[in-house]
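Here is the file input27.cif (mmCIF, N, CA and C atoms).
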data_entry
loop_
_atom_site.label_atom_id
_atom_site.label_comp_id
_atom_site.auth_asym_id
_atom_site.auth_seq_id
_atom_site.Cartn_x
_atom_site.Cartn_y
_atom_site.Cartn_z
N MET A 1 0.85 -1.18 0.00
CA MET A 1 0.00 0.00 0.00
C MET A 1 0.90 1.24 0.00
N ASN A 2 0.45 2.27 -0.62
CA ASN A 2 1.16 3.53 -0.74
C ASN A 2 1.18 4.27 0.60
N ILE A 3 2.32 4.86 0.94
CA ILE A 3 2.48 5.59 2.20
C ILE A 3 1.50 6.75 2.31
N HIS A 4 1.19 7.40 1.20
CA HIS A 4 0.26 8.53 1.21
C HIS A 4 -1.15 8.08 1.57
N VAL A 5 -1.52 6.91 1.11
CA VAL A 5 -2.84 6.35 1.44
C VAL A 5 -2.90 6.05 2.94
N ILE A 6 -1.81 5.52 3.48
CA ILE A 6 -1.77 5.22 4.92
C ILE A 6 -1.88 6.50 5.74
N VAL A 7 -1.17 7.54 5.34
CA VAL A 7 -1.25 8.82 6.07
C VAL A 7 -2.67 9.38 5.97
N PHE A 8 -3.29 9.26 4.82
CA PHE A 8 -4.68 9.70 4.66
C PHE A 8 -5.59 8.95 5.64
N PHE A 9 -5.42 7.63 5.75
CA PHE A 9 -6.24 6.85 6.67
C PHE A 9 -5.93 7.20 8.12
N TYR A 10 -4.69 7.55 8.42
CA TYR A 10 -4.34 8.03 9.76
C TYR A 10 -5.15 9.29 10.09
N LEU A 11 -5.23 10.22 9.14
CA LEU A 11 -5.99 11.44 9.36
C LEU A 11 -7.47 11.13 9.53
N LEU A 12 -7.99 10.21 8.74
CA LEU A 12 -9.39 9.79 8.90
C LEU A 12 -9.62 9.16 10.27
N LEU A 13 -8.68 8.34 10.70
CA LEU A 13 -8.78 7.71 12.01
C LEU A 13 -8.86 8.77 13.11
N ASP A 14 -8.06 9.81 12.99
CA ASP A 14 -8.10 10.88 13.98
C ASP A 14 -9.45 11.60 13.96
N LEU A 15 -9.99 11.83 12.79
CA LEU A 15 -11.31 12.47 12.69
C LEU A 15 -12.40 11.58 13.27
N VAL A 16 -12.30 10.29 13.05
CA VAL A 16 -13.26 9.35 13.64
C VAL A 16 -13.16 9.39 15.17
N TRP A 17 -11.93 9.43 15.68
CA TRP A 17 -11.72 9.53 17.13
C TRP A 17 -12.39 10.78 17.69
N ILE A 18 -12.13 11.91 17.04
CA ILE A 18 -12.68 13.18 17.53
C ILE A 18 -14.20 13.15 17.50
N THR A 19 -14.76 12.70 16.40
CA THR A 19 -16.23 12.70 16.30
C THR A 19 -16.87 11.68 17.24
N SER A 20 -16.23 10.54 17.43
CA SER A 20 -16.82 9.54 18.33
C SER A 20 -16.65 9.93 19.80
N ASN A 21 -15.74 10.84 20.09
CA ASN A 21 -15.53 11.34 21.45
C ASN A 21 -15.94 12.80 21.58
N TYR A 22 -16.80 13.23 20.68
CA TYR A 22 -17.23 14.63 20.65
C TYR A 22 -17.81 15.06 22.00
N LYS A 23 -18.61 14.22 22.63
CA LYS A 23 -19.25 14.59 23.89
C LYS A 23 -18.19 14.90 24.95
N MET A 24 -17.17 14.06 25.06
CA MET A 24 -16.12 14.30 26.04
C MET A 24 -15.42 15.65 25.78
N TYR A 25 -15.07 15.89 24.53
CA TYR A 25 -14.39 17.13 24.19
C TYR A 25 -15.31 18.34 24.36
N ASN A 26 -16.55 18.21 23.90
CA ASN A 26 -17.48 19.33 24.00
C ASN A 26 -17.81 19.64 25.46
N ASP A 27 -18.02 18.61 26.28
CA ASP A 27 -18.29 18.85 27.70
C ASP A 27 -17.14 19.63 28.34
N SER A 28 -15.92 19.31 27.94
CA SER A 28 -14.75 20.02 28.47
C SER A 28 -14.76 21.48 28.04
N VAL A 29 -15.07 21.72 26.78
CA VAL A 29 -15.11 23.09 26.26
C VAL A 29 -16.21 23.88 26.94
N VAL A 30 -17.38 23.26 27.10
CA VAL A 30 -18.49 23.95 27.76
C VAL A 30 -18.11 24.31 29.20
N LYS A 31 -17.42 23.41 29.87
CA LYS A 31 -16.97 23.66 31.25
C LYS A 31 -16.01 24.85 31.31
N ILE A 32 -15.24 25.03 30.26
CA ILE A 32 -14.23 26.11 30.23
C ILE A 32 -14.84 27.43 29.77
N GLN A 33 -15.60 27.40 28.66
CA GLN A 33 -16.03 28.67 28.07
C GLN A 33 -17.54 28.84 28.00
N SER A 34 -18.29 27.91 28.56
CA SER A 34 -19.76 27.98 28.63
C SER A 34 -20.44 28.00 27.27
N THR A 35 -19.74 27.56 26.23
CA THR A 35 -20.35 27.41 24.91
C THR A 35 -19.81 26.13 24.27
N ASN A 36 -20.54 25.63 23.29
CA ASN A 36 -20.11 24.43 22.58
C ASN A 36 -18.86 24.69 21.74
N ILE A 37 -18.25 23.60 21.32
CA ILE A 37 -17.10 23.69 20.43
C ILE A 37 -17.49 24.45 19.17
N ASN A 38 -16.63 25.35 18.77
CA ASN A 38 -16.78 26.07 17.51
C ASN A 38 -15.46 25.91 16.76
N VAL A 39 -15.41 24.95 15.86
CA VAL A 39 -14.17 24.65 15.16
C VAL A 39 -13.84 25.77 14.18
N ARG A 40 -12.64 26.29 14.31
CA ARG A 40 -12.12 27.26 13.34
C ARG A 40 -11.30 26.45 12.33
N VAL A 41 -11.75 26.45 11.11
CA VAL A 41 -11.23 25.54 10.10
C VAL A 41 -9.75 25.78 9.77
N VAL A 42 -9.35 27.02 9.59
CA VAL A 42 -7.97 27.30 9.19
C VAL A 42 -6.97 26.82 10.26
N PRO A 43 -7.15 27.14 11.54
CA PRO A 43 -6.22 26.60 12.54
C PRO A 43 -6.27 25.07 12.63
N ALA A 44 -7.44 24.48 12.43
CA ALA A 44 -7.55 23.02 12.45
C ALA A 44 -6.73 22.42 11.31
N ILE A 45 -6.84 23.00 10.14
CA ILE A 45 -6.04 22.54 8.99
C ILE A 45 -4.55 22.71 9.28
N ALA A 46 -4.19 23.83 9.89
CA ALA A 46 -2.78 24.07 10.23
C ALA A 46 -2.25 22.98 11.18
N ALA A 47 -3.07 22.57 12.14
CA ALA A 47 -2.65 21.51 13.07
C ALA A 47 -2.39 20.21 12.32
N TYR A 48 -3.27 19.86 11.38
CA TYR A 48 -3.07 18.63 10.61
C TYR A 48 -1.89 18.74 9.66
N VAL A 49 -1.64 19.92 9.12
CA VAL A 49 -0.46 20.12 8.27
C VAL A 49 0.81 19.88 9.10
N LEU A 50 0.82 20.36 10.33
CA LEU A 50 1.98 20.14 11.21
C LEU A 50 2.15 18.66 11.55
N LEU A 51 1.04 17.95 11.80
CA LEU A 51 1.14 16.51 12.05
C LEU A 51 1.70 15.79 10.82
N ILE A 52 1.22 16.16 9.65
CA ILE A 52 1.70 15.53 8.42
C ILE A 52 3.18 15.86 8.19
N ALA A 53 3.57 17.09 8.47
CA ALA A 53 4.98 17.47 8.33
C ALA A 53 5.85 16.64 9.27
N ASN A 54 5.40 16.43 10.48
CA ASN A 54 6.15 15.59 11.42
C ASN A 54 6.32 14.18 10.88
N ILE A 55 5.28 13.65 10.28
CA ILE A 55 5.33 12.28 9.74
C ILE A 55 6.33 12.20 8.58
N TYR A 56 6.18 13.08 7.60
CA TYR A 56 7.00 13.00 6.39
C TYR A 56 8.41 13.54 6.56
N LEU A 57 8.57 14.61 7.34
CA LEU A 57 9.87 15.27 7.42
C LEU A 57 10.74 14.80 8.58
N ILE A 58 10.12 14.22 9.59
CA ILE A 58 10.90 13.79 10.76
C ILE A 58 10.79 12.28 10.98
N LEU A 59 9.58 11.80 11.23
CA LEU A 59 9.43 10.40 11.63
C LEU A 59 9.89 9.40 10.58
N ILE A 60 9.39 9.52 9.37
CA ILE A 60 9.75 8.53 8.34
C ILE A 60 11.25 8.56 8.04
N PRO A 61 11.85 9.73 7.78
CA PRO A 61 13.29 9.71 7.52
C PRO A 61 14.12 9.21 8.71
N TYR A 62 13.75 9.61 9.90
CA TYR A 62 14.51 9.22 11.08
C TYR A 62 14.40 7.72 11.36
N THR A 63 13.20 7.18 11.24
CA THR A 63 13.01 5.76 11.58
C THR A 63 13.48 4.82 10.46
N LYS A 64 13.64 5.32 9.25
CA LYS A 64 14.12 4.49 8.14
C LYS A 64 15.49 3.88 8.43
N GLN A 65 16.31 4.62 9.15
CA GLN A 65 17.66 4.15 9.44
C GLN A 65 17.71 3.16 10.60
N MET A 66 16.60 2.98 11.29
CA MET A 66 16.58 2.06 12.43
C MET A 66 16.44 0.62 11.95
N LYS A 67 17.21 -0.26 12.52
CA LYS A 67 17.15 -1.67 12.13
C LYS A 67 16.03 -2.41 12.85
N SER A 68 15.66 -1.94 14.02
CA SER A 68 14.67 -2.62 14.84
C SER A 68 13.25 -2.13 14.53
N ARG A 69 12.38 -3.06 14.18
CA ARG A 69 10.97 -2.73 13.94
C ARG A 69 10.34 -2.16 15.22
N ILE A 70 10.66 -2.76 16.35
CA ILE A 70 10.12 -2.29 17.64
C ILE A 70 10.55 -0.85 17.90
N ALA A 71 11.80 -0.53 17.60
CA ALA A 71 12.30 0.83 17.80
C ALA A 71 11.57 1.82 16.90
N ARG A 72 11.31 1.42 15.66
CA ARG A 72 10.59 2.31 14.73
C ARG A 72 9.18 2.58 15.25
N ILE A 73 8.49 1.53 15.64
CA ILE A 73 7.12 1.69 16.14
C ILE A 73 7.11 2.50 17.42
N ALA A 74 8.05 2.22 18.33
CA ALA A 74 8.12 2.96 19.60
C ALA A 74 8.42 4.44 19.36
N THR A 75 9.23 4.75 18.35
CA THR A 75 9.54 6.14 18.03
C THR A 75 8.29 6.88 17.57
N PHE A 76 7.50 6.24 16.72
CA PHE A 76 6.23 6.85 16.30
C PHE A 76 5.33 7.07 17.51
N ALA A 77 5.20 6.04 18.37
CA ALA A 77 4.34 6.14 19.54
C ALA A 77 4.78 7.27 20.46
N LEU A 78 6.09 7.36 20.70
CA LEU A 78 6.61 8.41 21.56
C LEU A 78 6.36 9.79 20.95
N SER A 79 6.51 9.90 19.65
CA SER A 79 6.25 11.18 18.98
C SER A 79 4.79 11.60 19.19
N GLY A 80 3.87 10.67 19.02
CA GLY A 80 2.45 10.99 19.24
C GLY A 80 2.18 11.39 20.67
N LEU A 81 2.78 10.67 21.61
CA LEU A 81 2.60 11.01 23.03
C LEU A 81 3.16 12.40 23.32
N VAL A 82 4.32 12.71 22.76
CA VAL A 82 4.94 14.01 23.01
C VAL A 82 4.09 15.15 22.41
N ILE A 83 3.68 14.99 21.16
CA ILE A 83 2.89 16.05 20.50
C ILE A 83 1.59 16.30 21.26
N TYR A 84 0.82 15.25 21.48
CA TYR A 84 -0.46 15.40 22.15
C TYR A 84 -0.26 15.72 23.63
N GLY A 85 0.78 15.16 24.22
CA GLY A 85 1.05 15.40 25.63
C GLY A 85 1.44 16.83 25.93
N VAL A 86 2.27 17.42 25.08
CA VAL A 86 2.65 18.82 25.28
C VAL A 86 1.41 19.71 25.18
N TYR A 87 0.59 19.47 24.18
CA TYR A 87 -0.64 20.25 24.05
C TYR A 87 -1.50 20.12 25.31
N ASN A 88 -1.73 18.89 25.74
CA ASN A 88 -2.63 18.66 26.88
C ASN A 88 -2.04 19.13 28.20
N ALA A 89 -0.75 18.93 28.40
CA ALA A 89 -0.13 19.40 29.64
C ALA A 89 -0.14 20.93 29.71
N THR A 90 0.12 21.57 28.57
CA THR A 90 0.08 23.03 28.53
C THR A 90 -1.34 23.53 28.79
N THR A 91 -2.31 22.91 28.14
CA THR A 91 -3.70 23.31 28.33
C THR A 91 -4.13 23.08 29.78
N TYR A 92 -3.79 21.92 30.32
CA TYR A 92 -4.16 21.61 31.70
C TYR A 92 -3.49 22.58 32.69
N SER A 93 -2.28 23.01 32.38
CA SER A 93 -1.56 23.90 33.30
C SER A 93 -2.03 25.35 33.20
N THR A 94 -2.68 25.71 32.11
CA THR A 94 -3.04 27.12 31.92
C THR A 94 -4.55 27.40 31.92
N ILE A 95 -5.35 26.37 31.75
CA ILE A 95 -6.81 26.56 31.70
C ILE A 95 -7.41 25.93 32.96
N ASP A 96 -8.03 26.75 33.80
CA ASP A 96 -8.51 26.28 35.09
C ASP A 96 -9.41 25.05 35.04
N ASN A 97 -10.33 25.01 34.13
CA ASN A 97 -11.32 23.94 34.13
C ASN A 97 -11.06 22.83 33.12
N TYR A 98 -9.85 22.76 32.60
CA TYR A 98 -9.54 21.68 31.66
C TYR A 98 -9.41 20.39 32.46
N PRO A 99 -10.25 19.39 32.16
CA PRO A 99 -10.27 18.17 32.97
C PRO A 99 -9.01 17.30 32.78
N LEU A 100 -8.49 16.81 33.88
CA LEU A 100 -7.31 15.96 33.84
C LEU A 100 -7.57 14.70 33.03
N HIS A 101 -8.76 14.12 33.17
CA HIS A 101 -9.02 12.87 32.43
C HIS A 101 -8.99 13.09 30.92
N VAL A 102 -9.40 14.25 30.45
CA VAL A 102 -9.34 14.56 29.02
C VAL A 102 -7.88 14.71 28.60
N ALA A 103 -7.08 15.36 29.42
CA ALA A 103 -5.66 15.52 29.10
C ALA A 103 -4.97 14.16 28.98
N VAL A 104 -5.28 13.27 29.91
CA VAL A 104 -4.66 11.93 29.89
C VAL A 104 -5.15 11.12 28.70
N ILE A 105 -6.47 11.07 28.51
CA ILE A 105 -7.04 10.28 27.41
C ILE A 105 -6.53 10.78 26.07
N ASP A 106 -6.53 12.09 25.87
CA ASP A 106 -6.11 12.65 24.59
C ASP A 106 -4.62 12.42 24.35
N SER A 107 -3.81 12.52 25.39
CA SER A 107 -2.37 12.24 25.25
C SER A 107 -2.13 10.79 24.87
N LEU A 108 -2.85 9.88 25.51
CA LEU A 108 -2.73 8.46 25.17
C LEU A 108 -3.23 8.19 23.75
N TRP A 109 -4.25 8.93 23.33
CA TRP A 109 -4.72 8.79 21.95
C TRP A 109 -3.60 9.16 20.97
N GLY A 110 -2.84 10.19 21.27
CA GLY A 110 -1.72 10.57 20.41
C GLY A 110 -0.75 9.41 20.23
N ALA A 111 -0.43 8.74 21.34
CA ALA A 111 0.48 7.58 21.27
C ALA A 111 -0.17 6.45 20.49
N ALA A 112 -1.44 6.19 20.75
CA ALA A 112 -2.14 5.08 20.08
C ALA A 112 -2.29 5.33 18.58
N SER A 113 -2.66 6.53 18.20
CA SER A 113 -2.85 6.82 16.77
C SER A 113 -1.53 6.75 16.01
N HIS A 114 -0.46 7.22 16.62
CA HIS A 114 0.84 7.14 15.97
C HIS A 114 1.37 5.71 15.94
N THR A 115 1.02 4.92 16.93
CA THR A 115 1.38 3.49 16.90
C THR A 115 0.66 2.80 15.75
N ALA A 116 -0.63 3.09 15.60
CA ALA A 116 -1.39 2.51 14.48
C ALA A 116 -0.78 2.92 13.14
N LEU A 117 -0.38 4.17 13.03
CA LEU A 117 0.27 4.65 11.82
C LEU A 117 1.56 3.88 11.55
N ALA A 118 2.38 3.70 12.58
CA ALA A 118 3.64 2.98 12.43
C ALA A 118 3.40 1.54 12.04
N LEU A 119 2.42 0.90 12.65
CA LEU A 119 2.12 -0.50 12.31
C LEU A 119 1.67 -0.62 10.85
N ALA A 120 0.85 0.32 10.41
CA ALA A 120 0.41 0.31 9.01
C ALA A 120 1.59 0.49 8.07
N ILE A 121 2.48 1.39 8.41
CA ILE A 121 3.66 1.61 7.56
C ILE A 121 4.53 0.36 7.55
N GLU A 122 4.73 -0.23 8.71
CA GLU A 122 5.58 -1.44 8.82
C GLU A 122 5.04 -2.61 8.01
N TYR A 123 3.75 -2.83 8.10
CA TYR A 123 3.18 -4.05 7.54
C TYR A 123 2.47 -3.89 6.20
N LEU A 124 2.20 -2.66 5.79
CA LEU A 124 1.45 -2.48 4.54
C LEU A 124 2.24 -1.78 3.43
N VAL A 125 3.38 -1.20 3.77
CA VAL A 125 4.17 -0.51 2.74
C VAL A 125 5.22 -1.47 2.21
#
Could you take the file, read its structure, and then write that structure out as structure tokens?
Amino acid sequence: MNIHVIVFFYLLLDLVWITSNYKMYNDSVVKIQSTNINVRVVPAIAAYVLLIANIYLILIPYTKQMKSRIARIATFALSGLVIYGVYNATTYSTIDNYPLHVAVIDSLWGAASHTALALAIEYLV
């Protein structure tokens, strides 16, 4: 399978995650700002462009040189945890009503989604 197709499915997987967990995210936003989520499209696209840049410009080139499949997958997982974890830790530290359980779940999702991406690259490319 083509790497671009896998990255596309990774992005779809993330959108499925967000929509299937909309209530958790929206409840958090309502608790913080007393209104429902209002997605601003341009910043959302920018976030996905940065995720894609990380995949193509950092993760794939860096992990290509690794001989260990486990190391490659773990590197992807760690990258996802770091990206999502920094966002959630920063948000949790600066926004009074940001729920800890959302920060933890979303950070773990970053690791899980990047692990799924790495597994797809390992076994389907």
Q) Mind telling me what the PyMOL selection byres ((chain A and resi 103) around 8) catches here, as a list in words? A) Tyr84, Gly85, Tyr87, Asn88, Ala89, Thr91, Tyr92, Tyr98, Pro99, Leu100, His101, Val102, Val104, Ile105, Asp106, Ser107, Leu108 and Trp109 of chain A
Q: List the residues sitting within 7 Å of (3.4, 16.1, 17.4) in the file's frame, using all atoms listed in the file, as a list in words.
A: Leu50, Leu51, Asn54, Ser79, Gly80, Leu81, Val82, Ile83 and Tyr84 of chain A
Q. Leaving out Ala71 of chain A and any residue of its chain fewer than 3 positions from it, which residues lie within 12 Å of it when counting only C-alpha atoms, given as a ChimeraX atom specification?
A. /A:59,62-68,74-78,115,118-119,122
Q | Which of segment 1-90 of chain A fall in helix (DSSP H, G or I), as a ChimeraX atom specification | A | /A:3-20,22-33,41-64,69-90
Q.
Could you tell me how far atom C of Leu15 of chain A sits from atom N of Leu124 of chain A, in Å to one decimal place?
A. 21.7 Å
